[in-house]
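Visitor: What follows is start_31.txt; its format and atoms are compact mmCIF, C-alpha atoms.
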# COMPACT_ATOMS: atom_id res chain seq x y z
CA MET A 6 -17.74 36.07 -21.06
CA GLN A 7 -19.36 39.27 -19.81
CA THR A 8 -22.54 39.13 -17.71
CA ARG A 9 -24.56 42.19 -16.81
CA LYS A 10 -27.83 42.74 -14.99
CA ASN A 11 -29.14 45.87 -16.61
CA ARG A 12 -30.55 48.08 -13.87
CA HIS A 13 -29.74 51.77 -13.66
CA PRO A 14 -30.41 54.56 -11.13
CA PRO A 15 -33.33 56.73 -12.33
CA ASN A 16 -31.06 59.67 -13.17
CA LYS A 17 -28.63 57.51 -15.16
CA ARG A 18 -30.97 55.37 -17.20
CA PRO A 19 -30.01 55.31 -20.89
CA CYS A 20 -32.50 56.46 -23.51
CA VAL A 21 -33.74 53.69 -25.81
CA MET A 22 -35.86 54.56 -28.82
CA ILE A 23 -38.27 51.83 -29.99
CA LEU A 24 -39.01 52.07 -33.71
CA ALA A 25 -41.99 49.93 -34.68
CA THR A 26 -42.51 48.50 -38.16
CA GLY A 27 -45.36 46.03 -37.50
CA GLY A 28 -45.05 42.27 -37.73
CA THR A 29 -46.45 39.49 -35.57
CA ILE A 30 -45.38 41.23 -32.37
CA ALA A 31 -47.96 43.86 -33.32
CA GLY A 32 -50.46 41.28 -34.57
CA SER A 33 -53.82 40.18 -33.21
CA ALA A 34 -56.26 37.32 -33.71
CA GLU A 35 -59.88 36.67 -32.84
CA SER A 36 -58.87 34.20 -30.13
CA GLY A 37 -55.79 33.34 -28.11
CA THR A 38 -55.42 29.87 -29.56
CA GLN A 39 -55.91 30.21 -33.31
CA ALA A 40 -53.04 29.95 -35.80
CA GLY A 41 -54.22 32.71 -38.10
CA TYR A 42 -53.81 36.39 -37.24
CA THR A 43 -53.33 39.83 -38.80
CA SER A 44 -49.93 41.50 -38.48
CA GLY A 45 -49.44 45.15 -37.66
CA ARG A 46 -52.60 45.95 -35.71
CA VAL A 47 -51.05 47.03 -32.41
CA ALA A 48 -49.43 50.48 -32.16
CA VAL A 49 -46.04 51.04 -30.58
CA ASP A 50 -47.36 52.79 -27.45
CA THR A 51 -49.68 49.84 -26.75
CA MET A 52 -46.78 47.39 -27.15
CA ILE A 53 -44.64 49.38 -24.73
CA ALA A 54 -47.44 49.64 -22.16
CA ALA A 55 -47.87 45.85 -22.24
CA VAL A 56 -44.34 45.22 -20.94
CA PRO A 57 -43.96 45.91 -17.22
CA GLY A 58 -40.52 46.80 -15.94
CA LEU A 59 -39.20 48.68 -18.97
CA PRO A 60 -38.85 52.01 -17.09
CA ALA A 61 -36.39 50.33 -14.71
CA ILE A 62 -34.10 49.53 -17.65
CA ALA A 63 -34.23 52.70 -19.71
CA ARG A 64 -36.04 55.88 -20.58
CA ILE A 65 -38.29 54.69 -23.38
CA GLN A 66 -39.63 56.56 -26.37
CA GLY A 67 -41.65 54.98 -29.16
CA GLU A 68 -42.09 55.86 -32.79
CA GLN A 69 -44.18 54.18 -35.50
CA VAL A 70 -42.08 53.94 -38.68
CA ALA A 71 -44.39 51.49 -40.47
CA ASN A 72 -47.03 48.90 -39.60
CA VAL A 73 -46.78 45.99 -42.01
CA GLY A 74 -46.24 42.27 -41.96
CA SER A 75 -42.58 41.72 -42.80
CA GLN A 76 -43.54 39.89 -45.98
CA ASP A 77 -44.48 43.43 -47.13
CA MET A 78 -41.25 45.04 -45.96
CA THR A 79 -39.80 47.28 -48.67
CA PHE A 80 -36.42 48.83 -49.30
CA ALA A 81 -38.07 52.24 -49.04
CA ILE A 82 -38.98 51.42 -45.43
CA MET A 83 -35.50 50.01 -44.76
CA ILE A 84 -33.86 53.19 -46.10
CA ASP A 85 -36.16 55.39 -43.97
CA LEU A 86 -35.40 53.20 -40.96
CA ALA A 87 -31.62 53.39 -41.45
CA ASP A 88 -31.79 57.17 -41.94
CA ARG A 89 -33.86 57.58 -38.77
CA ILE A 90 -31.50 55.40 -36.71
CA ASN A 91 -28.46 57.27 -37.98
CA THR A 92 -30.10 60.55 -36.97
CA LEU A 93 -31.14 59.34 -33.51
CA LEU A 94 -27.76 57.85 -32.68
CA GLY A 95 -25.67 60.49 -34.43
CA ASP A 96 -27.42 63.41 -32.71
CA GLY A 97 -27.17 61.77 -29.29
CA VAL A 98 -30.95 61.59 -28.92
CA ALA A 99 -30.79 57.87 -28.09
CA ASP A 100 -28.21 55.60 -26.46
CA GLY A 101 -29.63 52.59 -28.27
CA VAL A 102 -32.40 51.65 -30.68
CA VAL A 103 -34.82 48.73 -30.74
CA VAL A 104 -36.68 47.91 -33.96
CA THR A 105 -39.80 45.75 -33.72
CA HIS A 106 -40.15 43.75 -36.91
CA GLY A 107 -41.83 40.69 -38.39
CA THR A 108 -39.71 37.56 -38.44
CA ASP A 109 -40.17 36.56 -42.10
CA THR A 110 -37.68 39.14 -43.44
CA MET A 111 -36.07 40.20 -40.17
CA GLU A 112 -32.68 38.79 -41.19
CA GLU A 113 -32.69 40.95 -44.32
CA THR A 114 -33.51 44.20 -42.52
CA ALA A 115 -31.00 43.36 -39.78
CA TYR A 116 -28.26 42.78 -42.34
CA PHE A 117 -29.22 45.95 -44.25
CA LEU A 118 -28.92 47.98 -41.04
CA ASN A 119 -25.66 46.19 -40.22
CA LEU A 120 -24.23 47.70 -43.41
CA THR A 121 -25.86 51.15 -43.35
CA VAL A 122 -26.03 52.31 -39.70
CA ARG A 123 -22.89 54.31 -38.93
CA SER A 124 -22.72 54.09 -35.15
CA LYS A 125 -21.20 51.84 -32.50
CA LYS A 126 -24.29 52.25 -30.32
CA PRO A 127 -26.56 49.20 -30.01
CA VAL A 128 -29.21 48.57 -32.67
CA VAL A 129 -31.41 45.60 -31.79
CA LEU A 130 -34.21 43.99 -33.77
CA THR A 131 -36.87 41.91 -32.09
CA GLY A 132 -40.26 40.44 -32.86
CA SER A 133 -42.36 37.44 -32.01
CA MET A 134 -43.66 34.20 -33.43
CA ARG A 135 -47.03 34.56 -31.70
CA PRO A 136 -49.35 37.56 -31.95
CA ALA A 137 -50.00 39.87 -29.00
CA THR A 138 -53.38 38.21 -28.39
CA ALA A 139 -52.02 34.65 -28.20
CA VAL A 140 -51.92 32.46 -25.13
CA SER A 141 -48.27 32.60 -23.98
CA ALA A 142 -47.36 35.40 -26.39
CA ASP A 143 -43.59 35.68 -26.74
CA GLY A 144 -43.49 39.34 -27.81
CA PRO A 145 -43.46 41.09 -24.40
CA LEU A 146 -40.42 39.22 -23.04
CA ASN A 147 -38.62 39.55 -26.37
CA LEU A 148 -39.18 43.31 -26.25
CA TYR A 149 -38.06 43.49 -22.62
CA ASN A 150 -34.85 41.62 -23.41
CA ALA A 151 -34.23 43.67 -26.56
CA VAL A 152 -34.46 46.91 -24.57
CA ALA A 153 -32.06 45.46 -21.98
CA VAL A 154 -29.52 44.72 -24.72
CA ALA A 155 -30.00 48.12 -26.39
CA ALA A 156 -29.44 49.82 -23.01
CA ASP A 157 -26.28 47.81 -22.28
CA PRO A 158 -22.98 49.58 -23.04
CA ASP A 159 -21.36 46.17 -23.59
CA ALA A 160 -23.63 45.64 -26.62
CA ALA A 161 -21.94 48.55 -28.38
CA GLY A 162 -19.62 47.76 -31.26
CA ARG A 163 -21.16 44.35 -31.96
CA GLY A 164 -23.08 45.45 -35.06
CA THR A 165 -26.82 45.12 -35.55
CA LEU A 166 -28.21 42.45 -33.23
CA VAL A 167 -31.38 40.35 -33.17
CA VAL A 168 -32.85 39.34 -29.81
CA MET A 169 -35.38 36.51 -29.86
CA ASN A 170 -36.17 33.72 -27.41
CA ASP A 171 -33.42 34.72 -24.93
CA ARG A 172 -30.72 34.64 -27.60
CA ILE A 173 -28.59 37.42 -29.06
CA HIS A 174 -27.75 36.89 -32.73
CA GLY A 175 -25.48 38.85 -35.06
CA ALA A 176 -27.00 40.14 -38.29
CA HIS A 177 -24.40 38.46 -40.51
CA SER A 178 -25.10 34.89 -39.46
CA LEU A 179 -28.67 34.48 -38.28
CA THR A 180 -31.46 32.92 -40.33
CA LYS A 181 -35.03 31.82 -39.72
CA SER A 182 -35.23 28.03 -39.52
CA ASN A 183 -38.81 27.15 -38.58
CA THR A 184 -42.15 28.42 -39.87
CA THR A 185 -43.93 28.65 -36.49
CA SER A 186 -41.66 27.72 -33.55
CA VAL A 187 -40.50 30.38 -31.07
CA GLU A 188 -37.07 28.73 -31.43
CA THR A 189 -36.94 29.78 -35.07
CA PHE A 190 -33.74 31.83 -35.33
CA ILE A 191 -30.35 30.14 -35.50
CA SER A 192 -26.82 31.34 -36.27
CA PRO A 193 -25.48 28.17 -37.87
CA ILE A 194 -22.14 29.38 -39.21
CA ASN A 195 -20.70 31.73 -36.59
CA GLY A 196 -22.81 31.01 -33.53
CA LEU A 197 -24.52 33.28 -31.04
CA ILE A 198 -23.25 36.67 -29.92
CA GLY A 199 -24.71 35.95 -26.48
CA THR A 200 -27.81 35.35 -24.41
CA VAL A 201 -30.20 37.53 -22.43
CA ASN A 202 -32.29 36.11 -19.60
CA TYR A 203 -34.92 38.45 -18.10
CA GLY A 204 -32.67 41.42 -18.84
CA THR A 205 -29.38 39.82 -17.77
CA THR A 206 -26.97 39.81 -20.71
CA GLU A 207 -24.05 37.48 -21.34
CA TYR A 208 -21.77 37.85 -24.38
CA PHE A 209 -19.68 35.15 -26.01
CA ARG A 210 -18.01 36.96 -28.89
CA ARG A 211 -17.90 39.90 -31.28
CA PRO A 212 -18.59 39.71 -35.03
CA VAL A 213 -15.50 39.14 -37.15
CA ARG A 214 -16.91 40.73 -40.31
CA ARG A 215 -17.09 44.48 -40.96
CA HIS A 216 -20.27 46.28 -39.93
CA THR A 217 -21.92 49.59 -38.94
CA CYS A 218 -19.26 52.22 -38.12
CA GLN A 219 -16.67 50.22 -40.12
CA SER A 220 -18.92 50.01 -43.19
CA GLU A 221 -18.02 51.70 -46.46
CA PHE A 222 -21.66 51.91 -47.60
CA SER A 223 -23.61 55.17 -47.48
CA LEU A 224 -27.28 55.96 -48.04
CA THR A 225 -26.69 59.68 -48.53
CA GLY A 226 -29.02 60.77 -51.31
CA VAL A 227 -30.26 57.20 -51.86
CA THR A 228 -34.02 56.70 -52.30
CA SER A 229 -34.04 53.34 -54.10
CA LEU A 230 -31.75 50.39 -54.77
CA PRO A 231 -30.76 48.66 -58.03
CA ARG A 232 -32.79 45.60 -58.95
CA VAL A 233 -31.22 42.28 -58.01
CA ASP A 234 -33.15 39.02 -58.46
CA ILE A 235 -32.79 35.65 -56.73
CA ILE A 236 -33.18 32.49 -58.82
CA TYR A 237 -33.67 29.22 -56.97
CA ALA A 238 -31.68 26.29 -58.35
CA CYS A 239 -33.30 22.86 -58.55
CA ALA A 240 -33.15 19.69 -60.60
CA ASP A 241 -33.56 20.46 -64.32
CA MET A 242 -34.07 24.16 -63.59
CA PRO A 243 -35.15 26.27 -66.58
CA ALA A 244 -32.18 28.29 -67.75
CA ASP A 245 -34.32 31.01 -69.32
CA LEU A 246 -35.08 32.36 -65.84
CA VAL A 247 -31.75 34.14 -66.15
CA ASP A 248 -32.84 35.75 -69.43
CA GLY A 249 -36.12 36.83 -67.82
CA SER A 250 -34.33 38.67 -65.04
CA VAL A 251 -31.98 40.42 -67.46
CA GLU A 252 -34.83 41.45 -69.75
CA ARG A 253 -36.68 43.00 -66.80
CA GLY A 254 -33.78 45.18 -65.81
CA ALA A 255 -31.92 43.24 -63.12
CA ARG A 256 -28.40 44.56 -62.67
CA GLY A 257 -27.48 41.54 -60.61
CA ILE A 258 -28.67 37.97 -60.10
CA VAL A 259 -28.12 35.77 -57.06
CA ILE A 260 -28.33 32.05 -57.74
CA ALA A 261 -29.62 30.12 -54.72
CA GLY A 262 -27.56 27.22 -55.92
CA ASP A 263 -27.50 23.51 -55.25
CA GLY A 264 -24.84 22.44 -52.76
CA ASN A 265 -21.74 24.59 -53.10
CA GLY A 266 -23.52 27.18 -55.24
CA ASN A 267 -24.02 24.89 -58.21
CA MET A 268 -26.48 25.08 -61.12
CA ASN A 269 -27.07 22.93 -64.18
CA ALA A 270 -24.94 23.36 -67.29
CA ALA A 271 -27.64 25.23 -69.23
CA THR A 272 -28.01 27.81 -66.46
CA VAL A 273 -24.25 28.19 -66.14
CA GLU A 274 -24.11 29.01 -69.87
CA ARG A 275 -26.94 31.61 -69.63
CA ALA A 276 -25.48 33.15 -66.49
CA ALA A 277 -22.03 33.42 -68.11
CA ARG A 278 -23.60 35.10 -71.11
CA ALA A 279 -25.28 37.63 -68.79
CA ALA A 280 -22.01 38.21 -66.91
CA LYS A 281 -20.27 39.11 -70.19
CA LYS A 282 -22.92 41.81 -70.65
CA GLY A 283 -22.07 43.31 -67.26
CA ILE A 284 -24.73 41.63 -65.10
CA LEU A 285 -23.31 40.66 -61.70
CA ILE A 286 -23.84 36.94 -61.06
CA VAL A 287 -23.45 35.80 -57.44
CA ARG A 288 -23.41 32.12 -56.55
CA SER A 289 -24.99 31.48 -53.15
CA SER A 290 -26.61 28.29 -51.87
CA ARG A 291 -30.03 27.02 -50.86
CA VAL A 292 -28.23 24.87 -48.24
CA PRO A 293 -28.58 26.41 -44.74
CA THR A 294 -24.96 26.00 -43.57
CA GLY A 295 -21.49 26.22 -45.08
CA LYS A 296 -19.62 28.60 -47.35
CA VAL A 297 -19.80 28.89 -51.12
CA GLY A 298 -16.19 28.65 -52.23
CA ARG A 299 -14.71 30.42 -55.22
CA ASN A 300 -13.43 28.28 -58.12
CA VAL A 301 -14.35 25.01 -56.40
CA GLU A 302 -16.71 23.23 -58.79
CA ILE A 303 -17.33 26.21 -61.08
CA ASP A 304 -14.58 28.29 -62.69
CA ASP A 305 -15.62 31.67 -61.36
CA ASP A 306 -12.55 33.44 -62.75
CA HIS A 307 -13.31 32.29 -66.29
CA LEU A 308 -17.08 32.77 -66.10
CA ARG A 309 -16.91 36.12 -64.26
CA PHE A 310 -19.02 34.95 -61.32
CA ILE A 311 -18.87 36.01 -57.68
CA ALA A 312 -18.96 33.55 -54.75
CA SER A 313 -21.16 34.55 -51.81
CA ASP A 314 -18.87 33.01 -49.17
CA GLU A 315 -20.99 32.82 -45.95
CA LEU A 316 -24.01 34.85 -47.10
CA ASN A 317 -27.29 33.13 -47.86
CA PRO A 318 -29.19 34.25 -50.98
CA ALA A 319 -31.32 36.88 -49.22
CA LYS A 320 -28.32 38.57 -47.61
CA ALA A 321 -26.19 38.20 -50.74
CA ARG A 322 -28.89 40.16 -52.55
CA ILE A 323 -28.75 42.95 -49.93
CA LEU A 324 -24.97 43.24 -50.18
CA LEU A 325 -25.00 43.22 -53.98
CA MET A 326 -27.68 45.93 -54.13
CA LEU A 327 -25.62 48.20 -51.90
CA ALA A 328 -22.44 47.40 -53.82
CA LEU A 329 -24.11 48.46 -57.06
CA LEU A 330 -24.78 51.95 -55.72
CA ASN A 331 -21.20 52.80 -56.73
CA LYS A 332 -19.11 51.73 -59.68
CA ARG A 333 -17.06 48.70 -58.60
CA SER A 334 -15.25 45.94 -60.45
CA ARG A 335 -16.16 42.27 -59.98
CA GLU A 336 -12.94 41.86 -58.01
CA GLU A 337 -13.93 44.67 -55.67
CA ILE A 338 -17.39 43.19 -55.18
CA GLN A 339 -15.91 39.76 -54.44
CA ARG A 340 -13.81 41.47 -51.76
CA LEU A 341 -17.00 42.84 -50.21
CA PHE A 342 -18.40 39.33 -49.84
CA TYR A 343 -15.30 38.29 -47.93
CA ALA A 344 -15.29 41.45 -45.80
CA TYR A 345 -18.97 41.75 -44.82
Can you dump the structure from the file as structure tokens?

Guide:
Amino acid sequence: MQTRKNRHPPNKRPCVMILATGGTIAGSAESGTQAGYTSGRVAVDTMIAAVPGLPAIARIQGEQVANVGSQDMTFAIMIDLADRINTLLGDGVADGVVVTHGTDTMEETAYFLNLTVRSKKPVVLTGSMRPATAVSADGPLNLYNAVAVAADPDAAGRGTLVVMNDRIHGAHSLTKSNTTSVETFISPINGLIGTVNYGTTEYFRRPVRRHTCQSEFSLTGVTSLPRVDIIYACADMPADLVDGSVERGARGIVIAGDGNGNMNAATVERAARAAKKGILIVRSSRVPTGKVGRNVEIDDDHLRFIASDELNPAKARILLMLALLNKRSREEIQRLFYAY
């Protein structure tokens, strides 16, 4: 394990750019103890000013990319964000980047950046579960710790990271597990990358899947992504949901399947029919842990399906959208799910 207390002489402090997108960390409420609040009310400069001690860690610059609750995060914003990060890190403007983001879709943006940022330098997402006006708001310390990780050379080469509640997660594995608790993010399959305690970092491992500078995905010239839908499997699920997605132009469908990526027989038949027409069908799972194995209970080879391996439905959708930007066979796309 590597432990580092991130303090630098004034003339050697790294430059960390904070890119704000809104979320609860920028939210406010009428009182410090109410559950309801409005996301995206606090500007990036105000957030930075509310965290004492940041200048001792890094030279800080802030930029407002968006100001939305993460339930309103769009792929247009994600593409702009990835392009901006690639420019900042590629031109040497910044030594690391922190993105403030709402927690609802943070895992999706983190995974998107994990596949589309082409730099070894640290990219760290953070946010909060309580708004800035709350009693015991968690945002300021999360931001402090995120800057410490982004300024740490040992964070480089670990892919896009998420820092929340003193924990350092990798983008591939983390998921939100609780609607309101500050202990909401977990990495149930691969475990934590490390921890950060008042700016002191400790790392346990590096990601084993491909990411960032190893990625084969490019956003050059990309302004939008192909449509991919997620269909949630359940008892006696209506099979015509598959037809509805196809009719509305989906080029791929992710099934949030029962158990090991299962679905009822009627849905299997409709999905196989869609696959024969060239629609990419990915079997993921609504279960929070475990892999979806190929050809286990469903004959993927015969039906022309793709198994999501470790990726949950939301991340499987991200990977499939990026895969569809170029012409690839089903076999090639299945390889991507094992590689990323």

Visitor: Expressed in Å to a single decimal, how great is the separation between atom CA of Arg275 of chain A and atom CA of Ala328 of chain A?

Guide: 22.8 Å

Visitor: Could you please determine the separation between atom CA of Ala238 of chain A and atom CA of Val292 of chain A in Å, to one decimal place?

Guide: 10.8 Å

Visitor: Could you name the residues that touch segment 270-274 of chain A at 8 Å or less, counting all atoms listed in the file, but leaving out those on the same chain fewer than 6 positions away, as a list in words?

Guide: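 Contacts, in chain order: Met242, Pro243, Ala244, Asp245 and Val247 of chain A.
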
Visitor: Looking at A:Ala312, A:Ile23, A:Val129, A:Ile30, which one is nearest to Asp50 of chain A, with distances taken over all atoms listed in the file?

Guide: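 Using all atoms listed in the file, Asp50 of chain A sits closest to A:Ile23.
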
Visitor: Could you please determine the separation between atom CA of Val259 of chain A and atom CA of Leu118 of chain A in Å, to one decimal place?

Guide: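 Computed distance, atom CA of Val259 of chain A to atom CA of Leu118 of chain A, equals 20.2 Å.
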
Visitor: List the spatial neighbours of Ser223 of chain A as a PyMOL selection string - criterion: any atom at most 12 Å away, all atoms listed in the file, same-chain residues fewer than 4 positions off excluded.

Guide: chain A and resi 84+87-88+91+117-123+217-219+227-228+230+327-331

Visitor: Mind writing the picked residues with C-alpha atoms as a PDB file, in the coordinates of the input?

Guide:
ATOM      1  CA  ILE A  84     -33.860  53.190 -46.100  1.00  0.00           C
ATOM      2  CA  ALA A  87     -31.620  53.390 -41.450  1.00  0.00           C
ATOM      3  CA  ASP A  88     -31.790  57.170 -41.940  1.00  0.00           C
ATOM      4  CA  ASN A  91     -28.460  57.270 -37.980  1.00  0.00           C
ATOM      5  CA  PHE A 117     -29.220  45.950 -44.250  1.00  0.00           C
ATOM      6  CA  LEU A 118     -28.920  47.980 -41.040  1.00  0.00           C
ATOM      7  CA  ASN A 119     -25.660  46.190 -40.220  1.00  0.00           C
ATOM      8  CA  LEU A 120     -24.230  47.700 -43.410  1.00  0.00           C
ATOM      9  CA  THR A 121     -25.860  51.150 -43.350  1.00  0.00           C
ATOM     10  CA  VAL A 122     -26.030  52.310 -39.700  1.00  0.00           C
ATOM     11  CA  ARG A 123     -22.890  54.310 -38.930  1.00  0.00           C
ATOM     12  CA  THR A 217     -21.920  49.590 -38.940  1.00  0.00           C
ATOM     13  CA  CYS A 218     -19.260  52.220 -38.120  1.00  0.00           C
ATOM     14  CA  GLN A 219     -16.670  50.220 -40.120  1.00  0.00           C
ATOM     15  CA  VAL A 227     -30.260  57.200 -51.860  1.00  0.00           C
ATOM     16  CA  THR A 228     -34.020  56.700 -52.300  1.00  0.00           C
ATOM     17  CA  LEU A 230     -31.750  50.390 -54.770  1.00  0.00           C
ATOM     18  CA  LEU A 327     -25.620  48.200 -51.900  1.00  0.00           C
ATOM     19  CA  ALA A 328     -22.440  47.400 -53.820  1.00  0.00           C
ATOM     20  CA  LEU A 329     -24.110  48.460 -57.060  1.00  0.00           C
ATOM     21  CA  LEU A 330     -24.780  51.950 -55.720  1.00  0.00           C
ATOM     22  CA  ASN A 331     -21.200  52.800 -56.730  1.00  0.00           C
TER      23      ASN A 331
END

Visitor: For each of A:Pro231, A:Gly254, A:Gly144, A:Pro293, take the minimum atom-to-atom distance to Arg322 of chain A, counting only C-alpha atoms, then give the residue where this is smallest.

Guide: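 Checking each of A:Pro231, A:Gly254, A:Gly144, A:Pro293 against Arg322 of chain A, counting only C-alpha atoms, the winner is A:Pro231.
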
Visitor: Name the residues in contact with Arg288 of chain A at a cut-off of 7 Å, using only C-alpha atoms, excluding same-chain residues fewer than 4 positions from it; report them as a list in words.

Guide: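 Returned residues: Val259, Ile260, Ala261, Gly262, Gly266, Ile311, Ala312 and Ser313 of chain A.
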
Visitor: Which polymer residues, protein or nucleic acid, are no farther than 6 Å from (-45.4, 48.4, -39.8), counting only C-alpha atoms, as a VMD selection string?

Guide: chain A and resid 26 to 27 45 71 to 73

Visitor: Mind dumping the selected residues with C-alpha atoms as a short mmCIF file (atom, residue, chain, number, x, y, z; two decimals), keeping the file's coordinate frame?

Guide:
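Result went into out.cif, see below:
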data_model
loop_
_atom_site.label_atom_id
_atom_site.label_comp_id
_atom_site.auth_asym_id
_atom_site.auth_seq_id
_atom_site.Cartn_x
_atom_site.Cartn_y
_atom_site.Cartn_z
CA THR A 26 -42.51 48.50 -38.16
CA GLY A 27 -45.36 46.03 -37.50
CA GLY A 45 -49.44 45.15 -37.66
CA ALA A 71 -44.39 51.49 -40.47
CA ASN A 72 -47.03 48.90 -39.60
CA VAL A 73 -46.78 45.99 -42.01
#

Visitor: From the options A:Asn300, A:Ser334, A:Gln69, A:Arg256, which residue's atoms come nearest to Thr51 of chain A, counting all atoms listed in the file?

Guide: A:Gln69

Visitor: Return the single residue from A:Thr114, A:Ser250, A:Thr131, A:Thr92 that is closest to Val167 of chain A, with distances computed using only C-alpha atoms.

Guide: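 The shortest atom-to-atom distance to Val167 of chain A comes from A:Thr131.
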
Visitor: Which residue is closest to Ser229 of chain A? Choose from A:Val56, A:Tyr116, A:Ser124, A:Met326 and count all atoms listed in the file.

Guide: A:Met326

Visitor: As lines of an AutoDock Vina configuration file, please: the centre and edge lengths in Å, to one decimal, of an axis-aligned box enclosing every listed atom of segment 190-198 of chain A with 3 Å added on each side.

Guide:
center_x = -27.2
center_y = 32.4
center_z = -34.6
size_x = 19.0
size_y = 14.5
size_z = 15.3

Visitor: When you count all atoms listed in the file, which of these residues is closest to Ser141 of chain A: A:Val187, A:Ala255, A:Val98, A:Ile90?

Guide: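 Ranking A:Val187, A:Ala255, A:Val98, A:Ile90 by distance to Ser141 of chain A, first place goes to A:Val187.
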
Visitor: Give me, as a list of chain:residue names, all polymer residues having an atom no more than 9 Å from Lys126 of chain A, counting all atoms listed in the file and skipping those fewer than 5 positions away in the same chain.

Guide: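 So, after excluding close chain neighbours, the residues are A:Leu94, A:Ala99, A:Asp100, A:Gly101, A:Val102, A:Ala155, A:Pro158, A:Ala160, A:Ala161, A:Gly162, A:Arg163, A:Gly164.
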
Visitor: Could you rebuild segment 49-62 of chain A with N, CA, C and O atoms and give it back as a compact mmCIF listing (two decimals), in the coordinates of the input?

Guide:
# COMPACT_ATOMS: atom_id res chain seq x y z
N VAL A 49 -47.25 51.14 -31.40
CA VAL A 49 -46.04 51.04 -30.58
C VAL A 49 -46.30 51.39 -29.12
O VAL A 49 -45.78 50.73 -28.20
N ASP A 50 -47.10 52.41 -28.84
CA ASP A 50 -47.36 52.79 -27.45
C ASP A 50 -48.08 51.68 -26.70
O ASP A 50 -47.82 51.46 -25.50
N THR A 51 -48.97 50.96 -27.37
CA THR A 51 -49.68 49.84 -26.75
C THR A 51 -48.72 48.70 -26.46
O THR A 51 -48.79 48.06 -25.40
N MET A 52 -47.79 48.44 -27.38
CA MET A 52 -46.78 47.39 -27.15
C MET A 52 -45.92 47.73 -25.93
O MET A 52 -45.65 46.86 -25.10
N ILE A 53 -45.49 48.97 -25.84
CA ILE A 53 -44.64 49.38 -24.73
C ILE A 53 -45.38 49.25 -23.40
O ILE A 53 -44.84 48.75 -22.41
N ALA A 54 -46.64 49.67 -23.39
CA ALA A 54 -47.44 49.64 -22.16
C ALA A 54 -47.69 48.22 -21.68
O ALA A 54 -47.94 47.99 -20.49
N ALA A 55 -47.60 47.24 -22.59
CA ALA A 55 -47.87 45.85 -22.24
C ALA A 55 -46.67 45.14 -21.61
O ALA A 55 -46.77 43.97 -21.24
N VAL A 56 -45.54 45.86 -21.48
CA VAL A 56 -44.34 45.22 -20.94
C VAL A 56 -43.95 45.90 -19.63
O VAL A 56 -43.32 46.96 -19.62
N PRO A 57 -44.33 45.31 -18.50
CA PRO A 57 -43.96 45.91 -17.22
C PRO A 57 -42.45 45.84 -16.99
O PRO A 57 -41.77 44.93 -17.45
N GLY A 58 -41.93 46.82 -16.31
CA GLY A 58 -40.52 46.80 -15.94
C GLY A 58 -39.60 47.55 -16.88
O GLY A 58 -38.42 47.75 -16.56
N LEU A 59 -40.08 47.97 -18.04
CA LEU A 59 -39.20 48.68 -18.97
C LEU A 59 -38.62 49.97 -18.39
O LEU A 59 -37.45 50.27 -18.62
N PRO A 60 -39.41 50.76 -17.63
CA PRO A 60 -38.85 52.01 -17.09
C PRO A 60 -37.66 51.80 -16.15
O PRO A 60 -36.88 52.72 -15.95
N ALA A 61 -37.54 50.60 -15.58
CA ALA A 61 -36.39 50.33 -14.71
C ALA A 61 -35.11 50.12 -15.51
O ALA A 61 -34.00 50.23 -14.97
N ILE A 62 -35.26 49.80 -16.80
CA ILE A 62 -34.10 49.53 -17.65
C ILE A 62 -33.63 50.79 -18.36
O ILE A 62 -32.44 51.07 -18.46
